[in-house]
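Below is the file target21.txt, which contains compact mmCIF, C-alpha atoms.
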# COMPACT_ATOMS: atom_id res chain seq x y z
CA MET A 563 -5.09 24.28 3.18
CA ASN A 564 -5.26 24.10 6.95
CA ILE A 565 -7.18 21.68 9.12
CA ILE A 566 -10.05 24.08 9.78
CA GLN A 567 -10.58 24.60 6.06
CA ALA A 568 -10.43 20.84 5.49
CA HIS A 569 -13.06 20.35 8.19
CA GLN A 570 -15.27 22.92 6.51
CA LEU A 571 -15.00 21.14 3.17
CA MET A 572 -15.95 17.88 4.84
CA GLN A 573 -18.92 19.58 6.44
CA ASP A 574 -19.93 21.05 3.07
CA SER A 575 -19.72 17.61 1.54
CA PHE A 576 -21.87 16.03 4.25
CA ASP A 577 -24.39 18.85 3.95
CA SER A 578 -24.54 18.34 0.21
CA MET A 579 -25.08 14.61 0.66
CA GLU A 580 -27.88 15.32 3.10
CA ARG A 581 -29.56 17.73 0.71
CA SER A 582 -29.39 15.19 -2.09
CA GLY A 583 -30.88 12.46 0.10
CA ILE A 584 -27.77 10.29 0.29
CA LEU A 585 -27.59 10.94 4.03
CA GLU A 586 -30.84 10.68 5.95
CA GLU A 587 -30.01 13.44 8.39
CA SER A 588 -27.51 16.24 8.76
CA PHE A 589 -24.95 16.40 11.52
CA THR A 590 -21.99 18.49 12.53
CA ILE A 591 -18.57 17.03 11.88
CA GLU A 592 -16.07 17.09 14.71
CA SER A 593 -12.50 15.83 14.82
CA SER A 594 -13.61 12.62 16.47
CA THR A 595 -16.41 11.92 13.99
CA VAL A 596 -15.85 8.48 12.49
CA ILE A 597 -15.83 8.59 8.69
CA LEU A 598 -14.89 4.97 8.05
CA GLY A 599 -15.20 2.10 10.49
CA SER A 600 -17.39 1.22 13.43
CA GLY A 601 -19.67 4.11 14.33
CA SER A 602 -19.63 5.78 10.93
CA SER A 603 -22.88 7.16 9.55
CA LEU A 604 -21.76 6.25 6.06
CA ASP A 605 -22.26 2.89 4.42
CA SER A 606 -19.70 1.78 1.84
CA LEU A 607 -21.54 3.54 -0.97
CA GLY A 608 -21.89 6.68 1.10
CA PHE A 609 -18.21 6.61 1.96
CA VAL A 610 -17.10 6.42 -1.67
CA THR A 611 -19.55 9.17 -2.56
CA PHE A 612 -18.21 11.33 0.26
CA ILE A 613 -14.58 10.82 -0.79
CA SER A 614 -15.38 11.55 -4.44
CA ASP A 615 -17.24 14.71 -3.53
CA LEU A 616 -14.52 15.79 -1.13
CA GLU A 617 -11.82 15.27 -3.77
CA GLU A 618 -13.70 17.65 -6.03
CA ARG A 619 -14.03 20.25 -3.30
CA VAL A 620 -10.37 20.06 -2.28
CA SER A 621 -9.29 20.38 -5.93
CA ALA A 622 -11.65 23.27 -6.55
CA GLU A 623 -10.53 25.06 -3.39
CA THR A 624 -6.82 24.72 -4.11
CA GLY A 625 -6.98 25.05 -7.89
CA LYS A 626 -4.91 21.89 -8.22
CA GLU A 627 -5.82 18.29 -8.79
CA HIS A 628 -5.79 16.30 -5.57
CA TYR A 629 -6.79 12.71 -4.98
CA LEU A 630 -7.59 11.14 -1.65
CA ILE A 631 -5.79 7.82 -1.80
CA LEU A 632 -7.13 5.51 0.88
CA THR A 633 -3.92 3.52 1.22
CA GLU A 634 -2.04 6.74 1.82
CA ILE A 635 -4.49 7.72 4.51
CA HIS A 636 -4.01 4.34 6.15
CA GLU A 637 -0.24 4.73 6.09
CA PHE A 638 -0.63 8.22 7.44
CA ASN A 639 -2.27 6.85 10.55
CA ALA A 640 -1.78 3.10 10.56
CA ASP A 641 -2.41 2.64 14.27
CA GLN A 642 -6.13 3.34 14.09
CA ALA A 643 -8.74 0.85 12.93
CA PHE A 644 -11.03 3.61 11.77
CA LEU A 645 -10.75 6.88 9.93
CA SER A 646 -11.82 9.97 11.82
CA ALA A 647 -12.58 13.39 10.43
CA GLY A 648 -9.56 14.72 12.28
CA THR A 649 -7.23 12.22 10.64
CA LEU A 650 -8.69 12.93 7.24
CA ALA A 651 -8.30 16.66 7.78
CA GLN A 652 -4.63 16.16 8.67
CA TYR A 653 -4.16 14.10 5.54
CA ILE A 654 -5.79 16.80 3.40
CA GLU A 655 -3.59 19.42 5.00
CA LYS A 656 -0.54 17.31 4.19
CA ILE A 657 -1.33 16.64 0.52
CA THR A 658 -2.21 20.27 -0.13
CA GLU A 659 0.95 21.70 1.40
CA MET B 71 -11.74 24.16 -19.39
CA GLU B 72 -15.06 25.73 -20.32
CA SER B 73 -17.98 23.99 -18.68
CA PHE B 74 -21.51 23.79 -19.88
CA GLU B 75 -24.57 21.83 -18.94
CA THR B 76 -26.60 20.24 -21.65
CA ALA B 77 -29.76 18.22 -21.89
CA LYS B 78 -28.05 15.89 -24.34
CA PRO B 79 -27.01 12.52 -22.92
CA ILE B 80 -23.31 12.43 -22.06
CA MET B 81 -21.50 9.32 -23.24
CA VAL B 82 -17.87 8.49 -22.54
CA VAL B 83 -16.16 6.09 -24.92
CA THR B 84 -12.59 4.83 -24.73
CA GLY B 85 -10.58 3.89 -27.78
CA THR B 86 -12.32 6.18 -30.25
CA SER B 87 -9.56 6.64 -32.80
CA LYS B 88 -10.67 3.64 -34.85
CA GLY B 89 -12.66 0.44 -34.98
CA ILE B 90 -15.59 -0.25 -32.66
CA GLY B 91 -14.97 2.75 -30.41
CA LYS B 92 -14.97 5.20 -33.29
CA GLY B 93 -18.08 3.60 -34.73
CA ILE B 94 -19.93 3.81 -31.41
CA ALA B 95 -18.94 7.45 -30.93
CA GLN B 96 -20.07 8.43 -34.42
CA HIS B 97 -23.34 6.52 -34.10
CA PHE B 98 -24.35 8.19 -30.85
CA LEU B 99 -23.16 11.61 -31.97
CA ALA B 100 -25.54 11.23 -34.88
CA ASP B 101 -28.23 10.31 -32.35
CA GLY B 102 -27.78 13.62 -30.53
CA TYR B 103 -25.42 12.61 -27.75
CA CYS B 104 -22.41 14.52 -26.48
CA VAL B 105 -19.47 12.13 -26.59
CA ALA B 106 -16.19 12.40 -24.71
CA GLY B 107 -13.71 10.03 -26.24
CA CYS B 108 -10.09 9.14 -25.80
CA SER B 109 -7.31 7.25 -27.46
CA ARG B 110 -3.54 7.24 -27.41
CA GLY B 111 -3.56 9.26 -30.62
CA LEU B 112 -5.21 12.37 -31.90
CA SER B 113 -8.89 12.61 -32.72
CA THR B 114 -10.22 11.14 -35.92
CA ILE B 115 -13.75 12.42 -35.31
CA ASP B 116 -14.83 15.90 -36.33
CA ASP B 117 -18.05 16.83 -34.57
CA VAL B 118 -19.02 19.83 -32.50
CA ASN B 119 -20.44 17.56 -29.81
CA TYR B 120 -17.31 15.40 -29.61
CA LEU B 121 -14.55 16.08 -27.10
CA HIS B 122 -11.33 14.15 -27.64
CA THR B 123 -8.48 13.70 -25.18
CA VAL B 124 -5.23 11.85 -25.69
CA VAL B 125 -5.18 9.31 -22.87
CA ASP B 126 -3.35 6.09 -22.23
CA VAL B 127 -5.99 4.20 -20.24
CA SER B 128 -3.35 2.03 -18.63
CA ASP B 129 -1.98 5.15 -16.90
CA GLU B 130 -3.94 5.63 -13.69
CA ASN B 131 -3.14 9.32 -13.32
CA GLN B 132 -4.05 10.13 -16.91
CA VAL B 133 -7.40 8.42 -16.46
CA ARG B 134 -8.09 10.32 -13.23
CA SER B 135 -7.33 13.66 -14.84
CA TRP B 136 -9.36 12.83 -17.93
CA VAL B 137 -12.49 11.79 -16.07
CA ARG B 138 -12.28 14.77 -13.77
CA ALA B 139 -12.00 17.08 -16.79
CA ILE B 140 -15.07 15.47 -18.35
CA ARG B 141 -17.02 16.02 -15.17
CA GLN B 142 -15.93 19.62 -14.94
CA ARG B 143 -16.99 20.19 -18.53
CA PHE B 144 -20.25 18.26 -18.74
CA LYS B 145 -21.21 18.07 -15.03
CA ARG B 146 -22.30 14.45 -15.37
CA ILE B 147 -21.68 11.19 -17.22
CA ASP B 148 -24.68 9.15 -18.28
CA ILE B 149 -23.07 6.27 -20.13
CA LEU B 150 -19.61 4.76 -20.23
CA VAL B 151 -18.57 2.45 -23.03
CA CYS B 152 -15.28 0.96 -21.98
CA ASN B 153 -13.99 -0.18 -25.33
CA ALA B 154 -10.24 0.47 -25.50
CA GLY B 155 -8.30 -2.73 -25.72
CA TYR B 156 -5.27 -4.46 -27.08
CA ALA B 157 -5.45 -7.55 -29.28
CA PRO B 158 -2.08 -9.01 -30.21
CA ALA B 159 -1.53 -11.63 -32.87
CA ASN B 160 -2.48 -15.14 -31.81
CA LEU B 161 0.33 -17.16 -30.29
CA LEU B 162 0.33 -20.54 -28.64
CA MET B 163 0.83 -20.16 -24.91
CA SER B 164 4.28 -21.77 -25.05
CA MET B 165 5.33 -19.10 -27.54
CA THR B 166 3.79 -16.08 -25.83
CA PRO B 167 6.35 -13.67 -24.37
CA GLY B 168 5.75 -12.33 -20.90
CA SER B 169 5.71 -8.81 -22.29
CA VAL B 170 2.61 -9.62 -24.36
CA LEU B 171 0.81 -10.86 -21.27
CA THR B 172 1.91 -7.81 -19.31
CA ASP B 173 0.65 -5.44 -22.00
CA LEU B 174 -2.69 -7.26 -22.17
CA LEU B 175 -3.17 -7.14 -18.42
CA GLN B 176 -2.22 -3.49 -18.30
CA VAL B 177 -4.38 -2.24 -21.16
CA ASN B 178 -7.33 -4.62 -21.12
CA ILE B 179 -7.75 -5.18 -17.39
CA ALA B 180 -6.04 -2.29 -15.60
CA GLY B 181 -7.20 0.20 -18.24
CA SER B 182 -10.82 -0.90 -17.96
CA PHE B 183 -10.52 -0.99 -14.18
CA TYR B 184 -9.20 2.57 -13.92
CA VAL B 185 -11.77 4.01 -16.30
CA CYS B 186 -14.69 2.18 -14.68
CA ARG B 187 -13.51 3.16 -11.22
CA GLU B 188 -13.18 6.85 -11.98
CA VAL B 189 -16.40 7.10 -14.00
CA SER B 190 -18.32 5.13 -11.38
CA LYS B 191 -17.36 7.76 -8.80
CA VAL B 192 -19.04 10.41 -10.94
CA MET B 193 -22.07 8.21 -11.48
CA MET B 194 -22.30 7.47 -7.75
CA LEU B 195 -22.55 11.17 -7.02
CA GLN B 196 -25.43 11.48 -9.50
CA ARG B 197 -26.95 8.16 -8.36
CA ALA B 198 -27.42 6.97 -11.94
CA GLY B 199 -25.43 5.65 -14.85
CA ARG B 200 -24.79 2.91 -17.34
CA ILE B 201 -21.44 1.17 -17.62
CA ILE B 202 -20.80 -1.06 -20.61
CA THR B 203 -17.59 -3.02 -20.91
CA THR B 204 -16.26 -4.93 -23.88
CA SER B 205 -15.29 -8.57 -23.83
CA SER B 206 -14.77 -10.77 -26.86
CA MET B 207 -15.98 -13.85 -28.69
CA ALA B 208 -12.60 -15.31 -27.72
CA VAL B 209 -13.94 -15.97 -24.22
CA GLY B 210 -16.67 -18.24 -25.56
CA LEU B 211 -14.61 -19.93 -28.25
CA HIS B 212 -11.61 -20.98 -26.14
CA GLU B 213 -9.65 -20.61 -29.34
CA GLU B 214 -6.10 -21.92 -29.49
CA GLY B 215 -3.52 -19.15 -29.49
CA THR B 216 -5.56 -16.71 -27.42
CA SER B 217 -4.72 -17.77 -23.87
CA ALA B 218 -3.45 -14.38 -22.74
CA TYR B 219 -6.03 -12.34 -24.68
CA SER B 220 -8.95 -14.56 -23.65
CA ALA B 221 -7.84 -14.43 -20.02
CA SER B 222 -7.84 -10.64 -20.12
CA LYS B 223 -11.28 -10.51 -21.74
CA SER B 224 -12.65 -13.10 -19.34
CA ALA B 225 -11.44 -10.92 -16.49
CA ILE B 226 -13.48 -8.05 -17.91
CA VAL B 227 -16.62 -10.15 -17.59
CA GLU B 228 -15.91 -11.04 -13.98
CA MET B 229 -14.93 -7.48 -13.10
CA THR B 230 -18.16 -6.18 -14.59
CA LYS B 231 -20.32 -8.66 -12.71
CA VAL B 232 -18.73 -7.74 -9.39
CA MET B 233 -19.01 -4.06 -10.25
CA ALA B 234 -22.68 -4.58 -11.09
CA LYS B 235 -23.34 -5.84 -7.57
CA GLU B 236 -21.33 -3.08 -5.93
CA LEU B 237 -22.93 -0.26 -7.90
CA ALA B 238 -26.54 -1.45 -8.06
CA PRO B 239 -27.49 0.43 -4.87
CA ALA B 240 -26.34 3.64 -6.57
CA GLY B 241 -28.63 3.10 -9.54
CA ILE B 242 -25.78 2.16 -11.88
CA THR B 243 -26.02 -0.82 -14.19
CA CYS B 244 -22.97 -2.64 -15.54
CA ASN B 245 -23.11 -4.95 -18.51
CA VAL B 246 -20.85 -6.53 -21.09
CA ILE B 247 -20.86 -6.72 -24.85
CA ALA B 248 -18.89 -9.61 -26.32
CA PRO B 249 -18.70 -8.83 -30.03
CA SER B 250 -17.71 -11.41 -32.55
CA MET B 251 -15.65 -10.27 -35.49
CA LEU B 252 -15.92 -6.78 -36.92
CA MET B 253 -13.96 -5.80 -40.02
CA THR B 254 -11.39 -3.39 -38.67
CA ASP B 255 -7.86 -2.66 -39.82
CA ALA B 256 -6.54 -5.00 -37.15
CA VAL B 257 -8.83 -7.83 -38.24
CA GLU B 258 -8.05 -7.25 -41.91
CA ASP B 259 -4.37 -7.62 -41.10
CA LEU B 260 -5.03 -11.16 -39.82
CA GLY B 261 -5.53 -12.36 -43.38
CA THR B 262 -8.31 -14.24 -45.11
CA ALA B 263 -7.44 -17.70 -43.81
CA ILE B 264 -7.54 -16.73 -40.14
CA ILE B 265 -10.70 -14.66 -40.60
CA GLU B 266 -12.51 -17.51 -42.34
CA ARG B 267 -11.41 -19.97 -39.67
CA ALA B 268 -12.69 -17.70 -36.90
CA LEU B 269 -16.00 -17.11 -38.67
CA SER B 270 -16.48 -20.85 -39.12
CA ARG B 271 -16.42 -21.28 -35.33
CA LEU B 272 -19.25 -18.83 -34.79
CA THR B 273 -22.92 -19.70 -34.56
CA ILE B 274 -23.81 -16.86 -36.89
CA LYS B 275 -21.05 -17.14 -39.43
CA ARG B 276 -20.55 -13.58 -40.51
CA MET B 277 -18.99 -10.37 -39.31
CA VAL B 278 -21.04 -8.16 -37.03
CA THR B 279 -21.56 -4.52 -37.89
CA VAL B 280 -21.01 -1.41 -35.83
CA GLU B 281 -24.73 -0.77 -36.01
CA GLU B 282 -25.43 -4.14 -34.40
CA ILE B 283 -23.01 -3.33 -31.58
CA CYS B 284 -24.58 0.11 -31.15
CA ASN B 285 -27.98 -1.54 -30.93
CA ILE B 286 -26.78 -3.40 -27.83
CA VAL B 287 -25.22 -0.25 -26.37
CA GLY B 288 -28.56 1.47 -26.90
CA PHE B 289 -30.40 -1.42 -25.29
CA TYR B 290 -28.20 -1.44 -22.18
CA SER B 291 -28.44 2.36 -21.98
CA ALA B 292 -32.19 2.65 -22.34
CA PRO B 293 -34.18 3.85 -19.31
CA ALA B 294 -36.27 0.69 -19.56
CA SER B 295 -33.13 -1.41 -19.03
CA GLY B 296 -32.69 -0.23 -15.46
CA CYS B 297 -33.01 -3.73 -14.00
CA ILE B 298 -30.60 -5.35 -16.45
CA THR B 299 -27.18 -5.59 -14.85
CA GLY B 300 -24.28 -8.02 -14.71
CA GLN B 301 -25.26 -9.48 -18.07
CA VAL B 302 -23.19 -10.48 -21.08
CA ILE B 303 -24.50 -10.38 -24.63
CA HIS B 304 -22.46 -12.63 -26.88
CA MET B 305 -22.84 -11.59 -30.48
CA GLY B 306 -23.03 -14.31 -33.06
CA LEU B 307 -22.14 -17.02 -30.60
CA VAL B 308 -24.03 -19.43 -28.35
CA CYS B 309 -22.25 -19.63 -25.01
Write out the structure in this file as structure tokens.
Amino acid sequence: MNIIQAHQLMQDSFDSMERSGILEESFTIESSTVILGSGSSLDSLGFVTFISDLEERVSAETGKEHYLILTEIHEFNADQAFLSAGTLAQYIEKITE
Amino acid sequence: MESFETAKPIMVVTGTSKGIGKGIAQHFLADGYCVAGCSRGLSTIDDVNYLHTVVDVSDENQVRSWVRAIRQRFKRIDILVCNAGYAPANLLMSMTPGSVLTDLLQVNIAGSFYVCREVSKVMMLQRAGRIITTSSMAVGLHEEGTSAYSASKSAIVEMTKVMAKELAPAGITCNVIAPSMLMTDAVEDLGTAIIERALSRLTIKRMVTVEEICNIVGFYSAPASGCITGQVIHMGLVC
């Protein structure tokens, strides 16, 4: 899965959360969009929901079981105090290689 | 795996090959639930609405795969009864090998943790759910010879209370059942003397039944119990 596809899955997940009322409003995800940390639109519950939903989408898209392990994401980009959509997309690209 | 959506409530129960877990699964199957159960061995329940998977709950990856498969099949999970556990023979602390403690921590705490974590993710997506964990009368009795076991079951209570606070905003309740003694193969193996001694320490000095445990599961699971969370029901014992 490439980064563009990973971005699309994240967008699908956010759209789904908006439709189900978990997110109050929809927005377009960009590489710089903060998923976790200061500036994120997600509270802790929303973040876990997003990751769970995204795991399902990545697994369904690739036909293999994939899990988004937060500690692995942190190690993947340990210099940043927040998780951006771009970083998460790179991580998804890496684990689905 | 074939998936289908059903109006029947979906209950997940761990440790369904025997004892309390098997009794709970059979009770709620008879009540019209679909039950997804697991144990380290093969199924001992024959019911069209029962789905069994061989899972070692202390294995994080096995638990992840199992819960994901349940979600793919049933699309949702309404109730989790986290029952699987390990109860070794009583030993004074000075005689308890480290391996016994390690096994208890791995099965009773880590196993419950993994199952609750994975199922709670599904419930968070659906913004509803009931999680019921299993502690023990040992926590209230402070019985000699149960230091490692009681510690593991006490941890279940604390884990559940914290989980209750974390998951309340998602409409998920988390509660604990602390059964007293139920006549299972494992309990029978303890022998009459130990059983009678344990019963004598209880407030209600008799074995509990599976039906009495299921009554509490039903109570915690009921729609009208939506504001009951972080609670422990001790059976047969004043704590």
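Using all atoms listed in the file, the smallest distance between any of A:Ser603, A:Thr658, A:Val610, A:Val596 and A:Gly625 comes from A:Thr658.
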Compile a residue-level contact table for chain A against chain B at a cut-off of 10 Å, reporting for every qualifying residue the shortest atom pair and its distance in Å to one decimal, with only C-alpha atoms counted, rows ordered by chain and ascending number, as a tab-separated table.
residue	atom	partner	partner_atom	distance
A:Met579	CA	B:Leu195	CA	8.8
A:Ser582	CA	B:Gln196	CA	9.2
A:Ile584	CA	B:Arg197	CA	8.9
A:Ser606	CA	B:Glu236	CA	9.3
A:Leu607	CA	B:Ala240	CA	7.4
A:Gly608	CA	B:Met194	CA	8.9
A:Val610	CA	B:Lys191	CA	7.3
A:Thr611	CA	B:Leu195	CA	5.7
A:Phe612	CA	B:Leu195	CA	8.5
A:Ile613	CA	B:Lys191	CA	9.0
A:Ser614	CA	B:Lys191	CA	6.1
A:Asp615	CA	B:Leu195	CA	7.3
A:Glu618	CA	B:Arg138	CA	8.4
A:Glu627	CA	B:Ser135	CA	7.8
A:His628	CA	B:Ser135	CA	9.8
A:Tyr629	CA	B:Arg134	CA	8.7
List the neighbours of B:Cys186 out to 8 Å using all atoms listed in the file; skip same-chain residues closer than 4 positions along the sequence, and give me the result as an MDAnalysis selection string.
chainID B and resid 150 152 182 190 201
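Between atom CA of B:Leu121 and atom CA of B:Asp255 lies a distance of 23.6 Å.
One distance worth recording is that between atom CA of B:Arg276 and atom CA of B:Phe98, which is 24.1 Å.
Taking atom CA of B:Ala154 and atom CA of B:Gly215 as endpoints, the distance between them is 21.1 Å.
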May I have the protein, DNA and RNA residues with an atom at most 9 Å from (-6.9, -16.5, -26.5), counting only C-alpha atoms in the file's coordinates, returned as a ChimeraX atom specification?
/B:160-163,208-209,211-223
Between B:His304, B:Lys275, B:His97, B:Arg110, smallest distance to B:Met207 by all atoms listed in the file belongs to B:His304
Please return, as an NGL selection string, all polymer residues that have at least one atom within 12 Å of the point (-6.2, 27.8, 6.8); use all atoms listed in the file and the file's own coordinate frame.
:A and (563-571 or 623-624 or 651-652 or 654-655 or 658-659)
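Checking B:Ile140, B:Ala198, B:Val133, B:Asp148 one by one against B:Ala180, counting all atoms listed in the file, you find the shortest gap at B:Val133.
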Env of B:Lys92: 12 Å cut, atoms = all atoms listed in the file, seq-sep filter 6 positions within chain, self excluded. Answer as a ChimeraX atom specification.
/B:82-86,98-99,105-109,113-116,120,122,151,153-154,254,280-281,283-284
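Remark: for A:Glu586, the closest of the candidate residues A:Leu650, A:Leu598, A:Leu604, A:Met572 is A:Leu604 (distances computed over all atoms listed in the file).
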